[in-house]
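Structure file structure.txt; described as compact mmCIF, N, CA and C atoms.
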# COMPACT_ATOMS: atom_id res chain seq x y z
N MET A 1 46.37 -57.12 -61.75
CA MET A 1 45.86 -57.25 -63.10
C MET A 1 44.57 -58.03 -63.08
N GLU A 2 43.60 -57.54 -63.78
CA GLU A 2 42.33 -58.23 -63.83
C GLU A 2 42.34 -59.26 -64.95
N LYS A 3 41.58 -60.34 -64.74
CA LYS A 3 41.57 -61.42 -65.71
C LYS A 3 40.97 -61.01 -67.04
N GLY A 4 39.96 -60.20 -67.08
CA GLY A 4 39.28 -59.83 -68.31
C GLY A 4 39.98 -58.71 -69.06
N ALA A 5 41.17 -58.32 -68.63
CA ALA A 5 41.85 -57.20 -69.25
C ALA A 5 42.20 -57.46 -70.71
N ILE A 6 42.44 -58.71 -71.05
CA ILE A 6 42.83 -59.04 -72.42
C ILE A 6 41.68 -58.80 -73.38
N ASN A 7 40.48 -59.10 -72.97
CA ASN A 7 39.33 -59.01 -73.85
C ASN A 7 38.49 -57.75 -73.61
N ARG A 8 39.12 -56.67 -73.17
CA ARG A 8 38.37 -55.45 -72.91
C ARG A 8 37.81 -54.90 -74.21
N PRO A 9 36.63 -54.35 -74.15
CA PRO A 9 36.06 -53.75 -75.36
C PRO A 9 36.85 -52.52 -75.78
N ALA A 10 36.85 -52.25 -77.08
CA ALA A 10 37.58 -51.11 -77.62
C ALA A 10 37.02 -49.80 -77.04
N ARG A 11 35.72 -49.78 -76.76
CA ARG A 11 35.09 -48.58 -76.23
C ARG A 11 35.72 -48.20 -74.89
N GLN A 12 36.02 -49.20 -74.06
CA GLN A 12 36.61 -48.91 -72.76
C GLN A 12 38.03 -48.38 -72.96
N THR A 13 38.77 -48.91 -73.91
CA THR A 13 40.11 -48.42 -74.18
C THR A 13 40.05 -46.98 -74.68
N GLN A 14 39.07 -46.69 -75.54
CA GLN A 14 38.90 -45.32 -76.02
C GLN A 14 38.55 -44.40 -74.86
N SER A 15 37.74 -44.90 -73.94
CA SER A 15 37.38 -44.12 -72.76
C SER A 15 38.62 -43.82 -71.93
N GLU A 16 39.48 -44.81 -71.77
CA GLU A 16 40.72 -44.59 -71.03
C GLU A 16 41.60 -43.57 -71.74
N GLN A 17 41.68 -43.65 -73.05
CA GLN A 17 42.47 -42.68 -73.82
C GLN A 17 41.90 -41.27 -73.65
N GLN A 18 40.59 -41.16 -73.69
CA GLN A 18 39.96 -39.85 -73.52
C GLN A 18 40.22 -39.32 -72.11
N THR A 19 40.14 -40.20 -71.12
CA THR A 19 40.42 -39.80 -69.74
C THR A 19 41.86 -39.33 -69.61
N LEU A 20 42.78 -40.05 -70.23
CA LEU A 20 44.19 -39.67 -70.19
C LEU A 20 44.39 -38.31 -70.87
N THR A 21 43.73 -38.10 -71.98
CA THR A 21 43.81 -36.80 -72.67
C THR A 21 43.26 -35.69 -71.79
N ASP A 22 42.13 -35.95 -71.14
CA ASP A 22 41.53 -34.95 -70.25
C ASP A 22 42.46 -34.62 -69.08
N ILE A 23 43.08 -35.65 -68.51
CA ILE A 23 44.01 -35.44 -67.39
C ILE A 23 45.18 -34.59 -67.85
N ARG A 24 45.73 -34.90 -69.02
CA ARG A 24 46.88 -34.14 -69.52
C ARG A 24 46.50 -32.69 -69.80
N ASP A 25 45.31 -32.48 -70.31
CA ASP A 25 44.84 -31.11 -70.53
C ASP A 25 44.71 -30.37 -69.21
N ALA A 26 44.18 -31.07 -68.20
CA ALA A 26 44.02 -30.46 -66.88
C ALA A 26 45.38 -30.14 -66.26
N ILE A 27 46.36 -31.01 -66.46
CA ILE A 27 47.71 -30.76 -65.94
C ILE A 27 48.29 -29.52 -66.61
N ALA A 28 48.14 -29.42 -67.93
CA ALA A 28 48.66 -28.26 -68.65
C ALA A 28 48.00 -26.97 -68.16
N GLU A 29 46.69 -27.00 -67.98
CA GLU A 29 45.96 -25.81 -67.50
C GLU A 29 46.39 -25.46 -66.08
N CYS A 30 46.55 -26.49 -65.26
CA CYS A 30 46.97 -26.27 -63.86
C CYS A 30 48.37 -25.66 -63.82
N ASP A 31 49.27 -26.16 -64.66
CA ASP A 31 50.64 -25.63 -64.70
C ASP A 31 50.63 -24.16 -65.14
N THR A 32 49.80 -23.86 -66.12
CA THR A 32 49.70 -22.47 -66.58
C THR A 32 49.22 -21.56 -65.45
N LEU A 33 48.22 -22.00 -64.72
CA LEU A 33 47.69 -21.20 -63.62
C LEU A 33 48.69 -21.09 -62.47
N ARG A 34 49.41 -22.18 -62.20
CA ARG A 34 50.38 -22.17 -61.09
C ARG A 34 51.51 -21.18 -61.34
N LEU A 35 51.88 -21.01 -62.60
CA LEU A 35 53.00 -20.14 -62.93
C LEU A 35 52.61 -18.66 -63.02
N ASP A 36 51.34 -18.37 -62.85
CA ASP A 36 50.89 -16.98 -62.89
C ASP A 36 51.44 -16.24 -61.67
N PRO A 37 52.24 -15.19 -61.89
CA PRO A 37 52.85 -14.49 -60.74
C PRO A 37 51.84 -13.77 -59.84
N SER A 38 50.66 -13.48 -60.38
CA SER A 38 49.67 -12.77 -59.56
C SER A 38 48.84 -13.71 -58.68
N LEU A 39 49.11 -15.00 -58.77
CA LEU A 39 48.33 -15.98 -58.00
C LEU A 39 48.76 -15.93 -56.53
N PRO A 40 47.78 -15.82 -55.61
CA PRO A 40 48.13 -15.82 -54.17
C PRO A 40 48.80 -17.15 -53.78
N GLU A 41 49.62 -17.07 -52.76
CA GLU A 41 50.41 -18.24 -52.32
C GLU A 41 49.52 -19.41 -51.91
N ALA A 42 48.44 -19.16 -51.24
CA ALA A 42 47.53 -20.23 -50.81
C ALA A 42 46.94 -20.94 -52.03
N ASP A 43 46.55 -20.16 -53.04
CA ASP A 43 46.02 -20.76 -54.27
C ASP A 43 47.10 -21.55 -55.01
N ARG A 44 48.34 -21.03 -54.97
CA ARG A 44 49.45 -21.73 -55.63
C ARG A 44 49.68 -23.09 -54.98
N ARG A 45 49.61 -23.14 -53.64
CA ARG A 45 49.77 -24.42 -52.95
C ARG A 45 48.65 -25.39 -53.34
N ASP A 46 47.43 -24.87 -53.43
CA ASP A 46 46.31 -25.72 -53.86
C ASP A 46 46.51 -26.23 -55.28
N MET A 47 47.01 -25.37 -56.14
CA MET A 47 47.27 -25.77 -57.53
C MET A 47 48.40 -26.80 -57.59
N ASP A 48 49.43 -26.63 -56.74
CA ASP A 48 50.51 -27.63 -56.68
C ASP A 48 49.96 -28.99 -56.27
N ALA A 49 49.10 -28.98 -55.26
CA ALA A 49 48.49 -30.24 -54.80
C ALA A 49 47.63 -30.85 -55.89
N ALA A 50 46.88 -30.03 -56.60
CA ALA A 50 46.03 -30.52 -57.68
C ALA A 50 46.90 -31.11 -58.81
N ALA A 51 48.00 -30.42 -59.13
CA ALA A 51 48.89 -30.91 -60.19
C ALA A 51 49.51 -32.25 -59.79
N LEU A 52 49.90 -32.37 -58.53
CA LEU A 52 50.47 -33.63 -58.05
C LEU A 52 49.45 -34.76 -58.14
N THR A 53 48.22 -34.47 -57.73
CA THR A 53 47.16 -35.47 -57.80
C THR A 53 46.89 -35.88 -59.24
N LEU A 54 46.83 -34.90 -60.13
CA LEU A 54 46.60 -35.20 -61.55
C LEU A 54 47.74 -36.04 -62.14
N ARG A 55 48.96 -35.74 -61.77
CA ARG A 55 50.10 -36.52 -62.29
C ARG A 55 50.06 -37.96 -61.76
N ASN A 56 49.66 -38.11 -60.50
CA ASN A 56 49.53 -39.47 -59.95
C ASN A 56 48.44 -40.25 -60.69
N LEU A 57 47.32 -39.58 -60.97
CA LEU A 57 46.25 -40.23 -61.73
C LEU A 57 46.74 -40.62 -63.13
N GLU A 58 47.49 -39.72 -63.73
CA GLU A 58 48.03 -40.00 -65.07
C GLU A 58 48.93 -41.23 -65.03
N ARG A 59 49.81 -41.31 -64.06
CA ARG A 59 50.71 -42.47 -63.93
C ARG A 59 49.92 -43.77 -63.73
N GLU A 60 48.92 -43.72 -62.86
CA GLU A 60 48.11 -44.92 -62.61
C GLU A 60 47.39 -45.38 -63.87
N LEU A 61 46.85 -44.43 -64.61
CA LEU A 61 46.14 -44.77 -65.85
C LEU A 61 47.11 -45.32 -66.89
N ILE A 62 48.28 -44.73 -67.00
CA ILE A 62 49.29 -45.23 -67.95
C ILE A 62 49.72 -46.63 -67.55
N ASP A 63 49.94 -46.86 -66.26
CA ASP A 63 50.33 -48.20 -65.79
C ASP A 63 49.25 -49.23 -66.13
N ALA A 64 48.00 -48.88 -65.86
CA ALA A 64 46.89 -49.81 -66.16
C ALA A 64 46.79 -50.08 -67.65
N THR A 65 46.93 -49.04 -68.46
CA THR A 65 46.86 -49.20 -69.91
C THR A 65 48.04 -50.01 -70.42
N SER A 66 49.22 -49.76 -69.87
CA SER A 66 50.41 -50.48 -70.30
C SER A 66 50.29 -51.96 -69.98
N GLU A 67 49.79 -52.27 -68.78
CA GLU A 67 49.62 -53.67 -68.41
C GLU A 67 48.61 -54.36 -69.32
N THR A 68 47.54 -53.64 -69.65
CA THR A 68 46.52 -54.20 -70.54
C THR A 68 47.12 -54.47 -71.91
N LEU A 69 47.86 -53.50 -72.43
CA LEU A 69 48.49 -53.68 -73.74
C LEU A 69 49.51 -54.81 -73.71
N LEU A 70 50.28 -54.90 -72.65
CA LEU A 70 51.26 -55.96 -72.53
C LEU A 70 50.59 -57.33 -72.50
N ASP A 71 49.51 -57.44 -71.73
CA ASP A 71 48.77 -58.71 -71.69
C ASP A 71 48.24 -59.08 -73.06
N ARG A 72 47.70 -58.10 -73.77
CA ARG A 72 47.16 -58.37 -75.11
C ARG A 72 48.27 -58.78 -76.08
N LEU A 73 49.42 -58.11 -75.99
CA LEU A 73 50.54 -58.46 -76.87
C LEU A 73 51.07 -59.86 -76.56
N GLU A 74 51.15 -60.20 -75.29
CA GLU A 74 51.62 -61.54 -74.91
C GLU A 74 50.65 -62.60 -75.42
N ALA A 75 49.36 -62.35 -75.30
CA ALA A 75 48.36 -63.30 -75.79
C ALA A 75 48.44 -63.43 -77.31
N ALA A 76 48.67 -62.32 -77.99
CA ALA A 76 48.76 -62.35 -79.45
C ALA A 76 50.05 -63.01 -79.92
N SER A 77 51.10 -62.96 -79.13
CA SER A 77 52.39 -63.52 -79.55
C SER A 77 52.46 -65.03 -79.35
N LYS A 78 51.57 -65.60 -78.57
CA LYS A 78 51.59 -67.05 -78.31
C LYS A 78 51.50 -67.86 -79.60
N PRO A 79 50.55 -67.57 -80.52
CA PRO A 79 50.52 -68.34 -81.77
C PRO A 79 51.80 -68.16 -82.60
N LEU A 80 52.40 -66.97 -82.53
CA LEU A 80 53.64 -66.74 -83.26
C LEU A 80 54.78 -67.58 -82.69
N GLU A 81 54.82 -67.69 -81.37
CA GLU A 81 55.84 -68.52 -80.74
C GLU A 81 55.66 -69.98 -81.14
N ASP A 82 54.41 -70.45 -81.18
CA ASP A 82 54.14 -71.82 -81.60
C ASP A 82 54.56 -72.04 -83.04
N LEU A 83 54.26 -71.08 -83.90
CA LEU A 83 54.63 -71.18 -85.31
C LEU A 83 56.15 -71.17 -85.47
N ALA A 84 56.84 -70.33 -84.73
CA ALA A 84 58.30 -70.28 -84.80
C ALA A 84 58.90 -71.61 -84.34
N ARG A 85 58.34 -72.19 -83.29
CA ARG A 85 58.83 -73.48 -82.81
C ARG A 85 58.63 -74.56 -83.87
N ASP A 86 57.46 -74.53 -84.51
CA ASP A 86 57.17 -75.50 -85.58
C ASP A 86 58.13 -75.31 -86.75
N ILE A 87 58.40 -74.08 -87.12
CA ILE A 87 59.32 -73.81 -88.23
C ILE A 87 60.73 -74.29 -87.89
N ARG A 88 61.19 -74.02 -86.66
CA ARG A 88 62.52 -74.49 -86.26
C ARG A 88 62.60 -76.01 -86.32
N THR A 89 61.55 -76.70 -85.88
CA THR A 89 61.52 -78.16 -85.93
C THR A 89 61.60 -78.65 -87.37
N ARG A 90 60.84 -78.02 -88.25
CA ARG A 90 60.86 -78.43 -89.66
C ARG A 90 62.20 -78.14 -90.32
N VAL A 91 62.79 -77.01 -90.02
CA VAL A 91 64.09 -76.67 -90.60
C VAL A 91 65.14 -77.65 -90.12
N THR A 92 65.09 -78.01 -88.85
CA THR A 92 66.04 -78.99 -88.33
C THR A 92 65.87 -80.32 -89.05
N ALA A 93 64.63 -80.73 -89.25
CA ALA A 93 64.38 -81.99 -89.96
C ALA A 93 64.84 -81.90 -91.42
N MET A 94 64.64 -80.75 -92.04
CA MET A 94 65.06 -80.59 -93.44
C MET A 94 66.58 -80.56 -93.56
N ASN A 95 67.28 -80.07 -92.55
CA ASN A 95 68.74 -79.97 -92.60
C ASN A 95 69.43 -81.31 -92.32
N ALA A 96 68.73 -82.27 -91.75
CA ALA A 96 69.34 -83.55 -91.40
C ALA A 96 69.93 -84.25 -92.62
N PRO A 97 69.23 -84.40 -93.75
CA PRO A 97 69.84 -85.05 -94.91
C PRO A 97 71.06 -84.28 -95.43
N ALA A 98 71.00 -82.97 -95.41
CA ALA A 98 72.14 -82.18 -95.88
C ALA A 98 73.36 -82.40 -94.99
N ARG A 99 73.14 -82.48 -93.69
CA ARG A 99 74.27 -82.75 -92.79
C ARG A 99 74.83 -84.14 -93.02
N THR A 100 73.96 -85.10 -93.25
CA THR A 100 74.42 -86.46 -93.53
C THR A 100 75.25 -86.48 -94.81
N LEU A 101 74.77 -85.81 -95.84
CA LEU A 101 75.53 -85.74 -97.10
C LEU A 101 76.88 -85.04 -96.89
N GLU A 102 76.91 -84.03 -96.06
CA GLU A 102 78.17 -83.34 -95.77
C GLU A 102 79.16 -84.28 -95.10
N HIS A 103 78.67 -85.14 -94.20
CA HIS A 103 79.56 -86.13 -93.56
C HIS A 103 80.08 -87.12 -94.60
N PHE A 104 79.21 -87.58 -95.49
CA PHE A 104 79.65 -88.50 -96.54
C PHE A 104 80.66 -87.83 -97.46
N LYS A 105 80.46 -86.56 -97.76
CA LYS A 105 81.39 -85.81 -98.62
C LYS A 105 82.76 -85.74 -97.96
N ARG A 106 82.78 -85.43 -96.66
CA ARG A 106 84.06 -85.37 -95.94
C ARG A 106 84.73 -86.74 -95.91
N LEU A 107 83.92 -87.78 -95.69
CA LEU A 107 84.46 -89.13 -95.66
C LEU A 107 85.03 -89.51 -97.03
N ALA A 108 84.31 -89.16 -98.10
CA ALA A 108 84.79 -89.46 -99.45
C ALA A 108 86.06 -88.68 -99.74
N SER A 109 86.14 -87.44 -99.31
CA SER A 109 87.33 -86.62 -99.51
C SER A 109 88.52 -87.21 -98.76
N LEU A 110 88.27 -87.64 -97.54
CA LEU A 110 89.33 -88.25 -96.74
C LEU A 110 89.79 -89.55 -97.39
N THR A 111 88.84 -90.35 -97.85
CA THR A 111 89.18 -91.62 -98.51
C THR A 111 90.00 -91.36 -99.77
N THR A 112 89.61 -90.34 -100.52
CA THR A 112 90.35 -89.99 -101.74
C THR A 112 91.78 -89.57 -101.40
N ARG A 113 91.95 -88.78 -100.39
CA ARG A 113 93.31 -88.37 -100.00
C ARG A 113 94.13 -89.56 -99.55
N ILE A 114 93.51 -90.46 -98.79
CA ILE A 114 94.24 -91.64 -98.32
C ILE A 114 94.65 -92.49 -99.52
N LEU A 115 93.72 -92.73 -100.47
CA LEU A 115 94.05 -93.54 -101.65
C LEU A 115 95.12 -92.86 -102.49
N ARG A 116 95.11 -91.55 -102.59
CA ARG A 116 96.14 -90.82 -103.33
C ARG A 116 97.51 -91.03 -102.69
N GLU A 117 97.54 -90.93 -101.36
CA GLU A 117 98.80 -91.13 -100.64
C GLU A 117 99.29 -92.56 -100.78
N VAL A 118 98.35 -93.53 -100.72
CA VAL A 118 98.72 -94.94 -100.89
C VAL A 118 99.24 -95.15 -102.31
N GLY A 119 98.64 -94.49 -103.28
CA GLY A 119 99.07 -94.63 -104.67
C GLY A 119 100.46 -94.06 -104.89
N ARG A 120 100.90 -93.12 -104.15
CA ARG A 120 102.24 -92.55 -104.26
C ARG A 120 103.31 -93.54 -103.83
N TRP A 121 102.98 -94.37 -102.94
CA TRP A 121 103.99 -95.30 -102.41
C TRP A 121 104.29 -96.27 -103.47

Take the structure in the file and give it back as structure tokens.
Amino acid sequence: MEKGAINRPARQTQSEQQTLTDIRDAIAECDTLRLDPSLPEADRRDMDAAALTLRNLERELIDATSETLLDRLEAASKPLEDLARDIRTRVTAMNAPARTLEHFKRLASLTTRILREVGRW
């Protein structure tokens, strides 16, 4: 992976997309020609080799594009992760008084039950 992949210009990405489209068109044309029954066997072997080469190029280009997109998504998600961490911290801090009140409520309920039982005696 190259370091500058995250900040690649959009023009280069469009160029990669166009190259991928061209490769796929060439694969489709090659497959059509390979399946022609009148094609001599030697030409068919050449077309098979060309199709294999084109598919390998397509895979390499997809891998490179996928890695670039993944790097860009990871870089874009970093601020979201920081924001989520900040929100979790704030929610935890906001829930602390409610938890304290819940403990006091349980304590008051327990005290009330104890006093009720003592009052029965």

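A straight line drawn from CA of Asp22 in chain A to CA of Ile62 in chain A is 13.1 Å long.
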
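For the pair atom C of Arg72 in chain A and atom C of Ile87 in chain A, the separation is 23.1 Å.
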
Please return the centre and edge lengths, in Å to one decimal, of a box with edges along x, y and z that contains all listed atoms of range 45-61 of chain A, widened by 6 Å on every side, as lines of an AutoDock Vina configuration file.
center_x = 48.4
center_y = -34.3
center_z = -59.9
size_x = 16.7
size_y = 34.2
size_z = 25.9

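Nearest residue to Thr19 in chain A among A:Thr65, A:Asn95, A:Thr100, A:Thr111 is A:Thr65, counting only C-alpha atoms.
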
Using CA of Gln17 in chain A and atom C of Ser77 in chain A as the two end points, give the distance in Å to one decimal.
-> 25.1 Å

Dump C-alpha atoms of range 35-82 of chain A from the given block, as a PDB file, in the first residue's frame.
ATOM      1  CA  LEU A  35     -16.664 -19.178 -27.977  1.00  0.00           C
ATOM      2  CA  ASP A  36     -16.870 -18.816 -31.761  1.00  0.00           C
ATOM      3  CA  PRO A  37     -16.890 -22.401 -33.111  1.00  0.00           C
ATOM      4  CA  SER A  38     -15.157 -21.363 -36.331  1.00  0.00           C
ATOM      5  CA  LEU A  39     -12.106 -20.056 -34.446  1.00  0.00           C
ATOM      6  CA  PRO A  40      -8.944 -22.123 -35.100  1.00  0.00           C
ATOM      7  CA  GLU A  41      -7.537 -23.947 -32.075  1.00  0.00           C
ATOM      8  CA  ALA A  42      -4.300 -21.925 -32.013  1.00  0.00           C
ATOM      9  CA  ASP A  43      -6.272 -18.672 -31.959  1.00  0.00           C
ATOM     10  CA  ARG A  44      -8.539 -20.077 -29.239  1.00  0.00           C
ATOM     11  CA  ARG A  45      -5.490 -20.818 -27.064  1.00  0.00           C
ATOM     12  CA  ASP A  46      -4.237 -17.270 -27.638  1.00  0.00           C
ATOM     13  CA  MET A  47      -7.648 -15.897 -26.705  1.00  0.00           C
ATOM     14  CA  ASP A  48      -7.694 -18.072 -23.551  1.00  0.00           C
ATOM     15  CA  ALA A  49      -4.306 -16.670 -22.564  1.00  0.00           C
ATOM     16  CA  ALA A  50      -5.483 -13.125 -23.272  1.00  0.00           C
ATOM     17  CA  ALA A  51      -8.651 -13.679 -21.202  1.00  0.00           C
ATOM     18  CA  LEU A  52      -6.591 -15.039 -18.313  1.00  0.00           C
ATOM     19  CA  THR A  53      -4.248 -12.045 -18.464  1.00  0.00           C
ATOM     20  CA  LEU A  54      -7.177  -9.623 -18.582  1.00  0.00           C
ATOM     21  CA  ARG A  55      -8.841 -11.299 -15.576  1.00  0.00           C
ATOM     22  CA  ASN A  56      -5.585 -11.096 -13.611  1.00  0.00           C
ATOM     23  CA  LEU A  57      -5.314  -7.390 -14.451  1.00  0.00           C
ATOM     24  CA  GLU A  58      -8.922  -6.906 -13.379  1.00  0.00           C
ATOM     25  CA  ARG A  59      -8.252  -8.611 -10.017  1.00  0.00           C
ATOM     26  CA  GLU A  60      -5.134  -6.521  -9.408  1.00  0.00           C
ATOM     27  CA  LEU A  61      -6.974  -3.305 -10.197  1.00  0.00           C
ATOM     28  CA  ILE A  62      -9.906  -4.273  -7.961  1.00  0.00           C
ATOM     29  CA  ASP A  63      -7.503  -5.145  -5.133  1.00  0.00           C
ATOM     30  CA  ALA A  64      -5.699  -1.808  -5.480  1.00  0.00           C
ATOM     31  CA  THR A  65      -8.988   0.105  -5.617  1.00  0.00           C
ATOM     32  CA  SER A  66     -10.393  -1.826  -2.665  1.00  0.00           C
ATOM     33  CA  GLU A  67      -7.319  -1.113  -0.553  1.00  0.00           C
ATOM     34  CA  THR A  68      -7.514   2.573  -1.457  1.00  0.00           C
ATOM     35  CA  LEU A  69     -11.186   2.730  -0.547  1.00  0.00           C
ATOM     36  CA  LEU A  70     -10.577   0.845   2.682  1.00  0.00           C
ATOM     37  CA  ASP A  71      -7.780   3.233   3.655  1.00  0.00           C
ATOM     38  CA  ARG A  72      -9.996   6.226   2.916  1.00  0.00           C
ATOM     39  CA  LEU A  73     -12.895   4.760   4.915  1.00  0.00           C
ATOM     40  CA  GLU A  74     -10.633   4.006   7.875  1.00  0.00           C
ATOM     41  CA  ALA A  75      -9.270   7.554   7.802  1.00  0.00           C
ATOM     42  CA  ALA A  76     -12.793   8.972   7.595  1.00  0.00           C
ATOM     43  CA  SER A  77     -14.038   6.783  10.459  1.00  0.00           C
ATOM     44  CA  LYS A  78     -11.374   7.989  12.919  1.00  0.00           C
ATOM     45  CA  PRO A  79     -13.266  11.211  13.844  1.00  0.00           C
ATOM     46  CA  LEU A  80     -16.447   9.150  14.250  1.00  0.00           C
ATOM     47  CA  GLU A  81     -14.688   6.775  16.616  1.00  0.00           C
ATOM     48  CA  ASP A  82     -13.431   9.732  18.652  1.00  0.00           C
TER      49      ASP A  82
END
